[in-house]
$ cat run17.pdb   # PDB, C-alpha atoms (C1' of nucleotides)
ATOM      1  CA  MET A   1       5.938  29.083  14.663  1.00  0.00           C
ATOM      2  CA  ALA A   2       3.677  28.020  11.931  1.00  0.00           C
ATOM      3  CA  ARG A   3       4.444  24.813  10.132  1.00  0.00           C
ATOM      4  CA  TRP A   4       3.441  23.338   6.812  1.00  0.00           C
ATOM      5  CA  TRP A   5       1.777  20.017   6.205  1.00  0.00           C
ATOM      6  CA  LEU A   6       0.381  17.672   3.620  1.00  0.00           C
ATOM      7  CA  MET A   7      -2.705  15.586   4.272  1.00  0.00           C
ATOM      8  CA  LYS A   8      -3.727  12.688   2.100  1.00  0.00           C
ATOM      9  CA  SER A   9      -7.191  11.517   1.340  1.00  0.00           C
ATOM     10  CA  GLU A  10      -8.626   9.101  -1.149  1.00  0.00           C
ATOM     11  CA  PRO A  11     -11.114  11.189  -3.130  1.00  0.00           C
ATOM     12  CA  ASP A  12     -13.398   8.158  -3.200  1.00  0.00           C
ATOM     13  CA  ALA A  13     -13.728   8.407   0.545  1.00  0.00           C
ATOM     14  CA  TYR A  14     -13.299  12.141   1.126  1.00  0.00           C
ATOM     15  CA  SER A  15     -12.403  14.565  -1.611  1.00  0.00           C
ATOM     16  CA  TRP A  16     -11.565  18.256  -1.756  1.00  0.00           C
ATOM     17  CA  ASP A  17     -15.082  18.907  -3.040  1.00  0.00           C
ATOM     18  CA  ASP A  18     -16.515  17.014  -0.069  1.00  0.00           C
ATOM     19  CA  LEU A  19     -14.566  19.269   2.274  1.00  0.00           C
ATOM     20  CA  VAL A  20     -15.668  22.414   0.444  1.00  0.00           C
ATOM     21  CA  ALA A  21     -19.287  21.216   0.600  1.00  0.00           C
ATOM     22  CA  GLU A  22     -19.010  20.643   4.350  1.00  0.00           C
ATOM     23  CA  GLY A  23     -17.164  23.863   5.053  1.00  0.00           C
ATOM     24  CA  GLU A  24     -15.135  22.209   7.792  1.00  0.00           C
ATOM     25  CA  GLY A  25     -13.892  18.658   8.153  1.00  0.00           C
ATOM     26  CA  THR A  26     -12.548  16.588  11.041  1.00  0.00           C
ATOM     27  CA  TRP A  27      -9.318  14.778  10.224  1.00  0.00           C
ATOM     28  CA  ASP A  28      -9.691  11.610  12.231  1.00  0.00           C
ATOM     29  CA  GLY A  29      -9.140   7.888  11.899  1.00  0.00           C
ATOM     30  CA  VAL A  30      -5.360   8.215  11.699  1.00  0.00           C
ATOM     31  CA  ARG A  31      -3.783   5.110  13.235  1.00  0.00           C
ATOM     32  CA  ASN A  32      -0.132   5.629  12.470  1.00  0.00           C
ATOM     33  CA  HIS A  33       2.143   7.022  15.156  1.00  0.00           C
ATOM     34  CA  ARG A  34       4.206   9.244  12.918  1.00  0.00           C
ATOM     35  CA  ALA A  35       1.114  10.694  11.281  1.00  0.00           C
ATOM     36  CA  ALA A  36      -0.498  11.128  14.701  1.00  0.00           C
ATOM     37  CA  ASN A  37       2.567  12.982  15.970  1.00  0.00           C
ATOM     38  CA  ASN A  38       2.240  15.329  13.043  1.00  0.00           C
ATOM     39  CA  LEU A  39      -1.425  15.892  13.884  1.00  0.00           C
ATOM     40  CA  ARG A  40      -0.458  16.714  17.475  1.00  0.00           C
ATOM     41  CA  ALA A  41       2.161  19.197  16.307  1.00  0.00           C
ATOM     42  CA  MET A  42      -0.343  21.172  14.246  1.00  0.00           C
ATOM     43  CA  GLU A  43      -1.329  24.590  15.482  1.00  0.00           C
ATOM     44  CA  LEU A  44      -4.309  26.784  14.787  1.00  0.00           C
ATOM     45  CA  GLY A  45      -3.778  28.585  11.499  1.00  0.00           C
ATOM     46  CA  ASP A  46      -1.144  26.214  10.127  1.00  0.00           C
ATOM     47  CA  GLN A  47      -1.623  25.440   6.458  1.00  0.00           C
ATOM     48  CA  ALA A  48      -1.673  22.059   4.759  1.00  0.00           C
ATOM     49  CA  PHE A  49      -1.821  20.803   1.211  1.00  0.00           C
ATOM     50  CA  PHE A  50      -4.772  18.552   0.456  1.00  0.00           C
ATOM     51  CA  TYR A  51      -3.545  15.594  -1.584  1.00  0.00           C
ATOM     52  CA  HIS A  52      -5.671  13.100  -3.470  1.00  0.00           C
ATOM     53  CA  SER A  53      -4.154   9.632  -3.135  1.00  0.00           C
ATOM     54  CA  ASN A  54      -5.025   6.613  -5.250  1.00  0.00           C
ATOM     55  CA  ILE A  55      -7.108   8.598  -7.722  1.00  0.00           C
ATOM     56  CA  GLY A  56      -5.586  11.783  -9.056  1.00  0.00           C
ATOM     57  CA  LEU A  57      -2.268  11.557  -7.221  1.00  0.00           C
ATOM     58  CA  GLU A  58      -2.083  15.309  -6.964  1.00  0.00           C
ATOM     59  CA  ILE A  59      -2.263  18.212  -4.561  1.00  0.00           C
ATOM     60  CA  VAL A  60      -5.530  19.959  -5.246  1.00  0.00           C
ATOM     61  CA  GLY A  61      -5.875  22.647  -2.611  1.00  0.00           C
ATOM     62  CA  ILE A  62      -4.780  24.294   0.613  1.00  0.00           C
ATOM     63  CA  VAL A  63      -6.525  23.923   3.951  1.00  0.00           C
ATOM     64  CA  THR A  64      -5.987  25.678   7.244  1.00  0.00           C
ATOM     65  CA  ILE A  65      -6.118  24.095  10.670  1.00  0.00           C
ATOM     66  CA  SER A  66      -9.291  25.471  12.251  1.00  0.00           C
ATOM     67  CA  VAL A  67      -9.158  23.417  15.463  1.00  0.00           C
ATOM     68  CA  ALA A  68      -5.938  21.868  16.775  1.00  0.00           C
ATOM     69  CA  GLY A  69      -5.205  19.346  19.498  1.00  0.00           C
ATOM     70  CA  LEU A  70      -8.385  17.291  19.338  1.00  0.00           C
ATOM     71  CA  THR A  71      -8.790  13.753  20.563  1.00  0.00           C
ATOM     72  CA  ASP A  72      -9.948  11.490  17.769  1.00  0.00           C
ATOM     73  CA  PRO A  73     -13.735  11.118  18.199  1.00  0.00           C
ATOM     74  CA  THR A  74     -13.588   7.746  16.416  1.00  0.00           C
ATOM     75  CA  ASP A  75     -11.171   6.295  18.971  1.00  0.00           C
ATOM     76  CA  PRO A  76     -13.004   4.716  21.915  1.00  0.00           C
ATOM     77  CA  GLU A  77      -9.805   4.759  23.967  1.00  0.00           C
ATOM     78  CA  GLY A  78      -9.153   8.421  23.304  1.00  0.00           C
ATOM     79  CA  LYS A  79      -5.488   7.877  22.567  1.00  0.00           C
ATOM     80  CA  TRP A  80      -5.305   9.122  19.016  1.00  0.00           C
ATOM     81  CA  ALA A  81      -5.228  12.702  17.781  1.00  0.00           C
ATOM     82  CA  ALA A  82      -7.356  14.636  15.327  1.00  0.00           C
ATOM     83  CA  VAL A  83      -7.733  18.173  14.004  1.00  0.00           C
ATOM     84  CA  LYS A  84     -10.335  20.132  12.115  1.00  0.00           C
ATOM     85  CA  VAL A  85      -9.577  21.772   8.806  1.00  0.00           C
ATOM     86  CA  LYS A  86     -11.219  24.337   6.582  1.00  0.00           C
ATOM     87  CA  PRO A  87     -10.617  24.775   2.864  1.00  0.00           C
ATOM     88  CA  LEU A  88      -8.570  27.889   2.131  1.00  0.00           C
ATOM     89  CA  ARG A  89      -8.263  27.800  -1.629  1.00  0.00           C
ATOM     90  CA  LYS A  90      -7.982  25.487  -4.553  1.00  0.00           C
ATOM     91  CA  LEU A  91      -4.687  25.474  -6.413  1.00  0.00           C
ATOM     92  CA  ALA A  92      -4.716  27.249  -9.774  1.00  0.00           C
ATOM     93  CA  LYS A  93      -3.215  24.070 -11.183  1.00  0.00           C
ATOM     94  CA  PRO A  94      -2.994  20.782  -9.258  1.00  0.00           C
ATOM     95  CA  VAL A  95       0.556  19.670  -8.538  1.00  0.00           C
ATOM     96  CA  THR A  96       1.017  16.008  -9.375  1.00  0.00           C
ATOM     97  CA  LEU A  97       3.139  13.438  -7.640  1.00  0.00           C
ATOM     98  CA  LYS A  98       4.917  13.033 -10.946  1.00  0.00           C
ATOM     99  CA  GLN A  99       5.956  16.691 -10.945  1.00  0.00           C
ATOM    100  CA  ILE A 100       7.128  16.412  -7.364  1.00  0.00           C
ATOM    101  CA  LYS A 101       9.170  13.302  -8.043  1.00  0.00           C
ATOM    102  CA  ALA A 102      10.765  14.942 -11.063  1.00  0.00           C
ATOM    103  CA  LEU A 103      12.379  17.629  -8.918  1.00  0.00           C
ATOM    104  CA  PRO A 104      15.525  16.698  -6.991  1.00  0.00           C
ATOM    105  CA  GLU A 105      14.877  19.435  -4.417  1.00  0.00           C
ATOM    106  CA  LEU A 106      11.603  17.741  -3.493  1.00  0.00           C
ATOM    107  CA  ALA A 107      12.976  14.208  -3.325  1.00  0.00           C
ATOM    108  CA  ASP A 108      13.472  14.569   0.417  1.00  0.00           C
ATOM    109  CA  MET A 109       9.790  15.136   1.178  1.00  0.00           C
ATOM    110  CA  GLU A 110       8.060  12.752   3.541  1.00  0.00           C
ATOM    111  CA  LEU A 111       5.450  12.313   0.819  1.00  0.00           C
ATOM    112  CA  VAL A 112       8.114  10.822  -1.440  1.00  0.00           C
ATOM    113  CA  ARG A 113      10.251   8.993   1.116  1.00  0.00           C
ATOM    114  CA  LEU A 114       7.370   7.570   3.140  1.00  0.00           C
ATOM    115  CA  SER A 115       4.676   7.011   0.584  1.00  0.00           C
ATOM    116  CA  ARG A 116       2.306   5.475   3.104  1.00  0.00           C
ATOM    117  CA  LEU A 117       2.400   8.342   5.569  1.00  0.00           C
ATOM    118  CA  SER A 118      -0.989  10.027   5.518  1.00  0.00           C
ATOM    119  CA  VAL A 119      -0.011  13.216   7.350  1.00  0.00           C
ATOM    120  CA  ALA A 120       3.381  14.594   6.391  1.00  0.00           C
ATOM    121  CA  GLU A 121       5.371  17.701   7.244  1.00  0.00           C
ATOM    122  CA  LEU A 122       6.938  19.956   4.626  1.00  0.00           C
ATOM    123  CA  ARG A 123       9.893  22.257   4.937  1.00  0.00           C
ATOM    124  CA  PRO A 124       9.199  25.934   4.069  1.00  0.00           C
ATOM    125  CA  ASP A 125      11.276  25.639   0.904  1.00  0.00           C
ATOM    126  CA  GLU A 126       9.324  22.567  -0.173  1.00  0.00           C
ATOM    127  CA  TRP A 127       6.055  24.371   0.483  1.00  0.00           C
ATOM    128  CA  LYS A 128       7.160  27.364  -1.593  1.00  0.00           C
ATOM    129  CA  LYS A 129       8.422  25.191  -4.408  1.00  0.00           C
ATOM    130  CA  ILE A 130       5.111  23.381  -4.714  1.00  0.00           C
ATOM    131  CA  LEU A 131       3.218  26.655  -4.601  1.00  0.00           C
ATOM    132  CA  SER A 132       5.333  27.934  -7.481  1.00  0.00           C
ATOM    133  CA  LEU A 133       4.509  24.770  -9.445  1.00  0.00           C
ATOM    134  CA  SER A 134       0.804  25.344  -8.869  1.00  0.00           C
ATOM    135  CA  GLU A 135       1.094  28.774 -10.436  1.00  0.00           C
ATOM    136  CA  GLY A 136       2.671  27.262 -13.511  1.00  0.00           C
TER     137      GLY A 136
ATOM    138  C1'  DG B   1      -3.665  -6.663 -10.545  1.00  0.00           C
ATOM    139  C1'  DC B   2       0.851  -6.487  -8.739  1.00  0.00           C
ATOM    140  C1'  DC B   3       4.257  -5.342  -5.559  1.00  0.00           C
ATOM    141  C1'  DA B   4       7.142  -2.599  -2.246  1.00  0.00           C
ATOM    142  C1'  DA B   5       7.122  -0.528   2.161  1.00  0.00           C
ATOM    143  C1'  DC B   6       5.530  -0.612   6.656  1.00  0.00           C
ATOM    144  C1'  DG B   7       3.036  -1.879  10.806  1.00  0.00           C
ATOM    145  C1'  DT B   8       1.163  -5.436  13.651  1.00  0.00           C
ATOM    146  C1'  DT B   9       0.606  -9.936  15.483  1.00  0.00           C
ATOM    147  C1'  DG B  10       1.891 -14.140  17.451  1.00  0.00           C
ATOM    148  C1'  DG B  11       4.967 -18.155  18.109  1.00  0.00           C
ATOM    149  C1'  DC B  12       9.116 -19.258  20.154  1.00  0.00           C
TER     150       DC B  12
ATOM    151  C1'  DG C   1      12.977  -9.762  22.534  1.00  0.00           C
ATOM    152  C1'  DC C   2      13.365 -11.647  17.904  1.00  0.00           C
ATOM    153  C1'  DC C   3      11.430 -12.587  13.567  1.00  0.00           C
ATOM    154  C1'  DA C   4       8.290 -14.712  10.201  1.00  0.00           C
ATOM    155  C1'  DA C   5       3.732 -14.224   8.556  1.00  0.00           C
ATOM    156  C1'  DC C   6       0.178 -11.474   7.424  1.00  0.00           C
ATOM    157  C1'  DG C   7      -2.642  -7.226   6.456  1.00  0.00           C
ATOM    158  C1'  DT C   8      -2.867  -2.548   4.665  1.00  0.00           C
ATOM    159  C1'  DT C   9      -1.566   1.409   2.048  1.00  0.00           C
ATOM    160  C1'  DG C  10      -0.603   3.444  -2.064  1.00  0.00           C
ATOM    161  C1'  DG C  11       2.045   3.869  -6.395  1.00  0.00           C
ATOM    162  C1'  DC C  12       2.654   1.736 -10.763  1.00  0.00           C
TER     163       DC C  12
END
$ encode --input "run17.pdb" --output "structure tokens"
Amino acid sequence: MARWWLMKSEPDAYSWDDLVAEGEGTWDGVRNHRAANNLRAMELGDQAFFYHSNIGLEIVGIVTISVAGLTDPTDPEGKWAAVKVKPLRKLAKPVTLKQIKALPELADMELVRLSRLSVAELRPDEWKKILSLSEG
DNA sequence: GCCAACGTTGGC
DNA sequence: GCCAACGTTGGC
């Protein structure tokens, strides 16, 4: 069964536009066990929100998992996980962290509860709610 | 620039 | 195996 995710990136380091320019990006360098477990649970075709941390603080687009179950190429020991993603579409309107925090039904999100988690899972209802926000 | 939340490290 | 100290992340 498909699942829904949220992946954070600092736009300074790797932005949505960078991903679009590349066409496909490898999501590696994750060194947190919970985030790594989420990476391992991703399946081909799963969708994820692309969130700009630090600058922007908003969800800017949707990506799809184009390759799942990779070993992180930046890990010499080969213990950590990675995936590849492709941009699917940009949101009509970015959804800000502020908007998310303002809604009680989204207060349970890993993004809110565990602000430092770089790869988070969303429930289907959370995914839908955010999509509806992006459509204004 | 500050601080809270975590994760990791190292002394015991 | 505990816990204090420290480093990092990320929001404010």
$ interface_residues --input "run17.pdb" --of "chain B" --to "chain A" --cutoff "12 Å" --atoms "only C-alpha atoms (C1' of nucleotides)" --output "PyMOL selection string"
chain B and resi 4-8
$ write_last_selection --input "run17.pdb" --atoms "C-alpha atoms (C1' of nucleotides)" --output "CSV table (one decimal), in the frame of the given file"
chain,number,residue,atom,x,y,z
B,4,DA,C1',7.1,-2.6,-2.2
B,5,DA,C1',7.1,-0.5,2.2
B,6,DC,C1',5.5,-0.6,6.7
B,7,DG,C1',3.0,-1.9,10.8
B,8,DT,C1',1.2,-5.4,13.7
$ atom_distance --input "run17.pdb" --atom1 "atom CA of Asn37 of chain A" --atom2 "atom CA of Lys79 of chain A"
11.6 Å
$ residues_around --input "run17.pdb" --residues "Ser66 of chain A" --least-positions-apart "2" --cutoff "12 Å" --atoms "all atoms listed in the file" --output "PyMOL selection string"
chain A and resi 23-27+42-48+63-64+68-70+82-88
$ residues_around --input "run17.pdb" --residues "DC2 of chain C" --least-positions-apart "4" --cutoff "12 Å" --atoms "all atoms listed in the file" --output "list in words"
DG10, DG11 and DC12 of chain B
$ write_last_selection --input "run17.pdb" --atoms "C-alpha atoms (C1' of nucleotides)" --output "PDB file, keeping the file's coordinate frame"
ATOM      1  C1'  DG B  10       1.891 -14.140  17.451  1.00  0.00           C
ATOM      2  C1'  DG B  11       4.967 -18.155  18.109  1.00  0.00           C
ATOM      3  C1'  DC B  12       9.116 -19.258  20.154  1.00  0.00           C
TER       4       DC B  12
END
$ atom_distance --input "run17.pdb" --atom1 "atom CA of Glu135 of chain A" --atom2 "atom CA of Asp12 of chain A"
26.2 Å
$ closest_residue --input "run17.pdb" --among "A:Trp16, A:Trp80, A:Tyr51, A:Trp4" --to "Ala36 of chain A" --atoms "all atoms listed in the file"
A:Trp80
$ atom_distance --input "run17.pdb" --atom1 "atom CA of Gly56 of chain A" --atom2 "atom CA of Glu105 of chain A"
22.3 Å
$ resolve_selection --input "run17.pdb" --expression "the PyMOL selection byres ((chain A and resi 53) around 7)" --output "JSON, numbers by chain"
{"A": [8, 9, 10, 51, 52, 54, 55, 56, 57]}
$ residues_around --input "run17.pdb" --residues "Glu58 of chain A" --least-positions-apart "5" --cutoff "10 Å" --atoms "all atoms listed in the file" --output "number ranges by chain"
A: 8, 49-53, 93-100
$ residues_around --input "run17.pdb" --residues "Val119 of chain A" --least-positions-apart "4" --cutoff "7 Å" --atoms "all atoms listed in the file" --output "ChimeraX atom specification"
/A:6-8,35,38
$ axis_aligned_box --input "run17.pdb" --around "segment 1-11 of chain C" --padding-each-side "4 Å" --output "JSON"
{"center_x": 5.2, "center_y": -5.4, "center_z": 8.1, "size_x": 24.2, "size_y": 26.6, "size_z": 36.9}
$ decode --input "run17.pdb" --residues "chain C" --atoms "N, CA and C atoms (P, O5', C5', C4', C3', O3' and C1' of nucleotides)" --output "compact mmCIF listing (two decimals), in the first residue's frame"
# COMPACT_ATOMS: atom_id res chain seq x y z
P DG C 1 23.28 -2.66 29.58
O5' DG C 1 23.72 -2.01 30.98
C5' DG C 1 22.88 -1.99 32.12
C4' DG C 1 22.92 -0.60 32.72
C3' DG C 1 22.08 0.42 31.97
O3' DG C 1 21.49 1.26 32.95
C1' DG C 1 24.30 1.19 32.07
P DC C 2 20.28 2.22 32.67
O5' DC C 2 20.82 3.56 33.31
C5' DC C 2 21.26 3.55 34.67
C4' DC C 2 22.12 4.76 34.92
C3' DC C 2 21.46 6.08 34.50
O3' DC C 2 21.47 6.95 35.61
C1' DC C 2 23.66 5.92 33.61
P DC C 3 20.47 8.22 35.63
O5' DC C 3 21.44 9.38 35.18
C5' DC C 3 22.68 9.56 35.85
C4' DC C 3 23.55 10.54 35.09
C3' DC C 3 22.77 11.71 34.49
O3' DC C 3 23.56 12.88 34.61
C1' DC C 3 24.01 10.68 32.82
P DA C 4 22.90 14.24 35.12
O5' DA C 4 24.10 15.25 34.96
C5' DA C 4 25.41 14.86 35.36
C4' DA C 4 26.43 15.31 34.33
C3' DA C 4 26.18 16.70 33.78
O3' DA C 4 27.43 17.37 33.71
C1' DA C 4 26.28 15.14 32.00
P DA C 5 27.53 18.90 33.27
O5' DA C 5 28.16 18.74 31.82
C5' DA C 5 29.36 17.99 31.67
C4' DA C 5 29.74 17.97 30.20
C3' DA C 5 29.57 19.31 29.49
O3' DA C 5 30.71 19.53 28.69
C1' DA C 5 28.33 17.64 28.36
P DC C 6 30.95 20.97 28.00
O5' DC C 6 30.66 20.63 26.48
C5' DC C 6 31.25 19.45 25.92
C4' DC C 6 30.53 19.09 24.64
C3' DC C 6 30.25 20.29 23.74
O3' DC C 6 30.92 20.09 22.51
C1' DC C 6 28.39 18.83 23.88
P DG C 7 30.94 21.23 21.40
O5' DG C 7 30.03 20.56 20.29
C5' DG C 7 30.33 19.24 19.83
C4' DG C 7 29.33 18.83 18.79
C3' DG C 7 29.02 19.94 17.78
O3' DG C 7 28.93 19.37 16.48
C1' DG C 7 27.02 19.29 18.89
P DT C 8 28.54 20.28 15.22
O5' DT C 8 27.00 19.93 15.00
C5' DT C 8 26.61 18.57 14.91
C4' DT C 8 25.14 18.51 14.59
C3' DT C 8 24.68 19.50 13.51
O3' DT C 8 23.83 18.81 12.63
C1' DT C 8 23.39 19.79 15.47
P DT C 9 23.32 19.49 11.29
O5' DT C 9 21.76 19.64 11.55
C5' DT C 9 21.04 18.52 12.04
C4' DT C 9 19.68 19.00 12.48
C3' DT C 9 18.98 19.92 11.47
O3' DT C 9 17.73 19.36 11.20
C1' DT C 9 18.96 20.88 13.64
P DG C 10 16.82 19.85 10.01
O5' DG C 10 15.98 21.00 10.69
C5' DG C 10 15.08 20.67 11.74
C4' DG C 10 14.54 21.94 12.30
C3' DG C 10 14.16 23.00 11.25
O3' DG C 10 12.91 23.51 11.60
C1' DG C 10 15.50 23.95 12.88
P DG C 11 11.95 24.25 10.60
O5' DG C 11 11.15 25.13 11.65
C5' DG C 11 10.60 24.49 12.80
C4' DG C 11 10.50 25.49 13.93
C3' DG C 11 9.81 26.80 13.55
O3' DG C 11 8.94 27.15 14.60
C1' DG C 11 11.95 27.25 14.45
P DC C 12 7.82 28.27 14.40
O5' DC C 12 8.47 29.52 15.10
C5' DC C 12 8.67 29.48 16.52
C4' DC C 12 9.51 30.65 16.93
C3' DC C 12 9.04 31.97 16.32
O3' DC C 12 8.32 32.71 17.30
C1' DC C 12 11.43 31.75 16.33
